[in-house]
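Data first, discussion second: the structure below is written as structure tokens.
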Amino acid sequence: MRANYFMLKTGIFVGSFDPFTVGHDSIVQRSLPLFDRLVIGVVGDNVHKPSMRPAEERMEVIRNLYANVPAIEVKPFHGLAVEFARAENAHFIVKGVRSTKDFEYEREQADINRQIAGVETILLFAEPHLSSVSSTMVRELQHFGVDVSEFLPK
């Protein structure tokens with residue numbers, strides 16, 4: 001699928017974002033110059049993660065964060081990323097990579113997404129000072145009463 005350069009260049013950034021961290025914000029900020037429109041797809045409620053905060057609550061946090069950025073839209077996301085990309089007329093999926101383990105997983109996903117839907121994946125490597133930040137780590141620290149404000153966007 002070739003991009004029509006007379007159309008808006010749209011990318012999607014999908015995840016559970018529970019919570020949306022400074023690492024996620026870094027990927028959004030660094031990918032914004034690449035697109036006319038960036039759609040952040042928030043995974044809906046997941047039966048495999050019953051403790052996940054409701055999707056609408058997670059989406060509201062992200063919407064508030066980017067309320068003054070007209071190029072960003074926040075929407076619920078269910079199913080395959082390539083289906084979401086197709087629904088949003090996006091030709092690119094943006095993914096963040098923190099480690100070689102992340103890289104191998106995302107590389108395999110990118111190959112399959114290109115094969116089944118012609119959607120390209122753009123991998124952005126985590127900034128070194130953010131490479132240890134993950135939603136899982138933040139949730140665990142919160143569970144033990146640790147102040148996690150340094151890991152959450154302002």
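Each chain of the structure tokens is named A, B, ... in the order shown, its residues numbered from 1; ligands are numbered from 1 in display order.
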Practice problem: Tell me, as JSON, numbers by chain, which residues lie within 9 Å of region 49-62 of chain A, counting only C-alpha atoms; anything in the same chain fewer than 4 positions away does not count. | Solution: {"A": [16, 17, 18, 19, 20, 40, 41, 42, 43, 44, 45, 66, 67, 74, 75, 76]}
Quiz prompt | Near-Leu38 (chain A) list (10 Å; only C-alpha atoms; drop same-chain fewer than 3 positions) as a ChimeraX atom specification | solution = /A:9-13,28,31-35,41,70-74,88,90,92-94
Quiz prompt | Picked from region 13-129 of chain A by DSSP as strand (DSSP E or B), as a list of chain:residue names | solution =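 Output for region 13-129 of chain A, strand (DSSP E or B) only: A:Phe13, A:Val14, A:Gly15, A:Arg37, A:Leu38, A:Val39, A:Ile40, A:Gly41, A:Val42, A:Val43, A:Ile72, A:Glu73, A:Val74, A:Lys75, A:Pro76, A:Phe77, A:Phe92, A:Ile93, A:Val94, A:Lys95, A:Gly96, A:Val97, A:Glu120, A:Thr121, A:Ile122, A:Leu123, A:Leu124, A:Phe125.
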Written selection (C-alpha atoms) as a compact mmCIF listing (two decimals), in the first residue's frame:
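Once written, selection-v8.txt looks like this:
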# COMPACT_ATOMS: atom_id res chain seq x y z
CA PHE A 13 0.78 4.67 18.51
CA VAL A 14 -1.02 1.87 20.34
CA GLY A 15 -0.72 0.42 23.82
CA ARG A 37 -1.81 13.38 12.49
CA LEU A 38 -0.93 10.95 15.28
CA VAL A 39 -3.65 8.73 16.70
CA ILE A 40 -2.97 7.25 20.11
CA GLY A 41 -4.90 3.99 20.34
CA VAL A 42 -5.65 2.92 23.90
CA VAL A 43 -6.27 -0.79 24.31
CA ILE A 72 -3.02 14.23 18.30
CA GLU A 73 -6.20 12.21 18.66
CA VAL A 74 -6.85 9.63 21.38
CA LYS A 75 -9.18 6.74 20.58
CA PRO A 76 -10.06 3.31 21.94
CA PHE A 77 -8.34 0.41 20.23
CA PHE A 92 2.57 3.81 9.87
CA ILE A 93 2.67 2.26 13.33
CA VAL A 94 5.00 3.93 15.84
CA LYS A 95 6.58 1.73 18.48
CA GLY A 96 9.03 2.43 21.27
CA VAL A 97 11.95 0.09 21.90
CA GLU A 120 5.15 0.12 7.95
CA THR A 121 6.45 0.26 11.51
CA ILE A 122 8.70 3.03 12.76
CA LEU A 123 10.80 2.02 15.76
CA LEU A 124 12.00 4.78 18.04
CA PHE A 125 14.60 3.80 20.57
Quiz item: Taking the backbone alone, and naming residues the way the document does, which bits of chain A are alpha helix (DSSP H) by DSSP, as a ChimeraX atom specification?
Solution: /A:22-31,55-65,81-87,100-117,135-143
What's around His129 (chain A) at 12 Å? Count only C-alpha atoms, leave out sequence neighbours fewer than 5 positions away in its own chain, and write the answer as an mmCIF file with N, CA and C atoms, in the first residue's frame.
data_model
loop_
_atom_site.group_PDB
_atom_site.id
_atom_site.type_symbol
_atom_site.label_atom_id
_atom_site.label_comp_id
_atom_site.auth_asym_id
_atom_site.auth_seq_id
_atom_site.Cartn_x
_atom_site.Cartn_y
_atom_site.Cartn_z
ATOM 1 N N VAL A 22 6.444 8.772 31.134
ATOM 2 C CA VAL A 22 7.331 9.727 30.462
ATOM 3 C C VAL A 22 7.983 9.077 29.243
ATOM 4 N N GLY A 23 8.146 7.770 29.271
ATOM 5 C CA GLY A 23 8.679 7.059 28.103
ATOM 6 C C GLY A 23 7.714 7.121 26.932
ATOM 7 N N SER A 26 7.760 10.605 25.539
ATOM 8 C CA SER A 26 8.955 10.827 24.718
ATOM 9 C C SER A 26 8.729 10.309 23.297
ATOM 10 N N ARG A 98 12.951 -0.347 24.079
ATOM 11 C CA ARG A 98 13.851 -0.071 25.197
ATOM 12 C C ARG A 98 15.051 -0.979 25.238
ATOM 13 N N GLU A 150 7.849 11.213 39.077
ATOM 14 C CA GLU A 150 8.936 11.460 38.116
ATOM 15 C C GLU A 150 8.826 10.601 36.862
ATOM 16 N N PHE A 151 8.008 9.558 36.923
ATOM 17 C CA PHE A 151 7.840 8.666 35.775
ATOM 18 C C PHE A 151 6.590 8.961 34.956
#
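Relative to CA of Ile27 (chain A), CA of Ala126 (chain A) is found at 7.5 Å.
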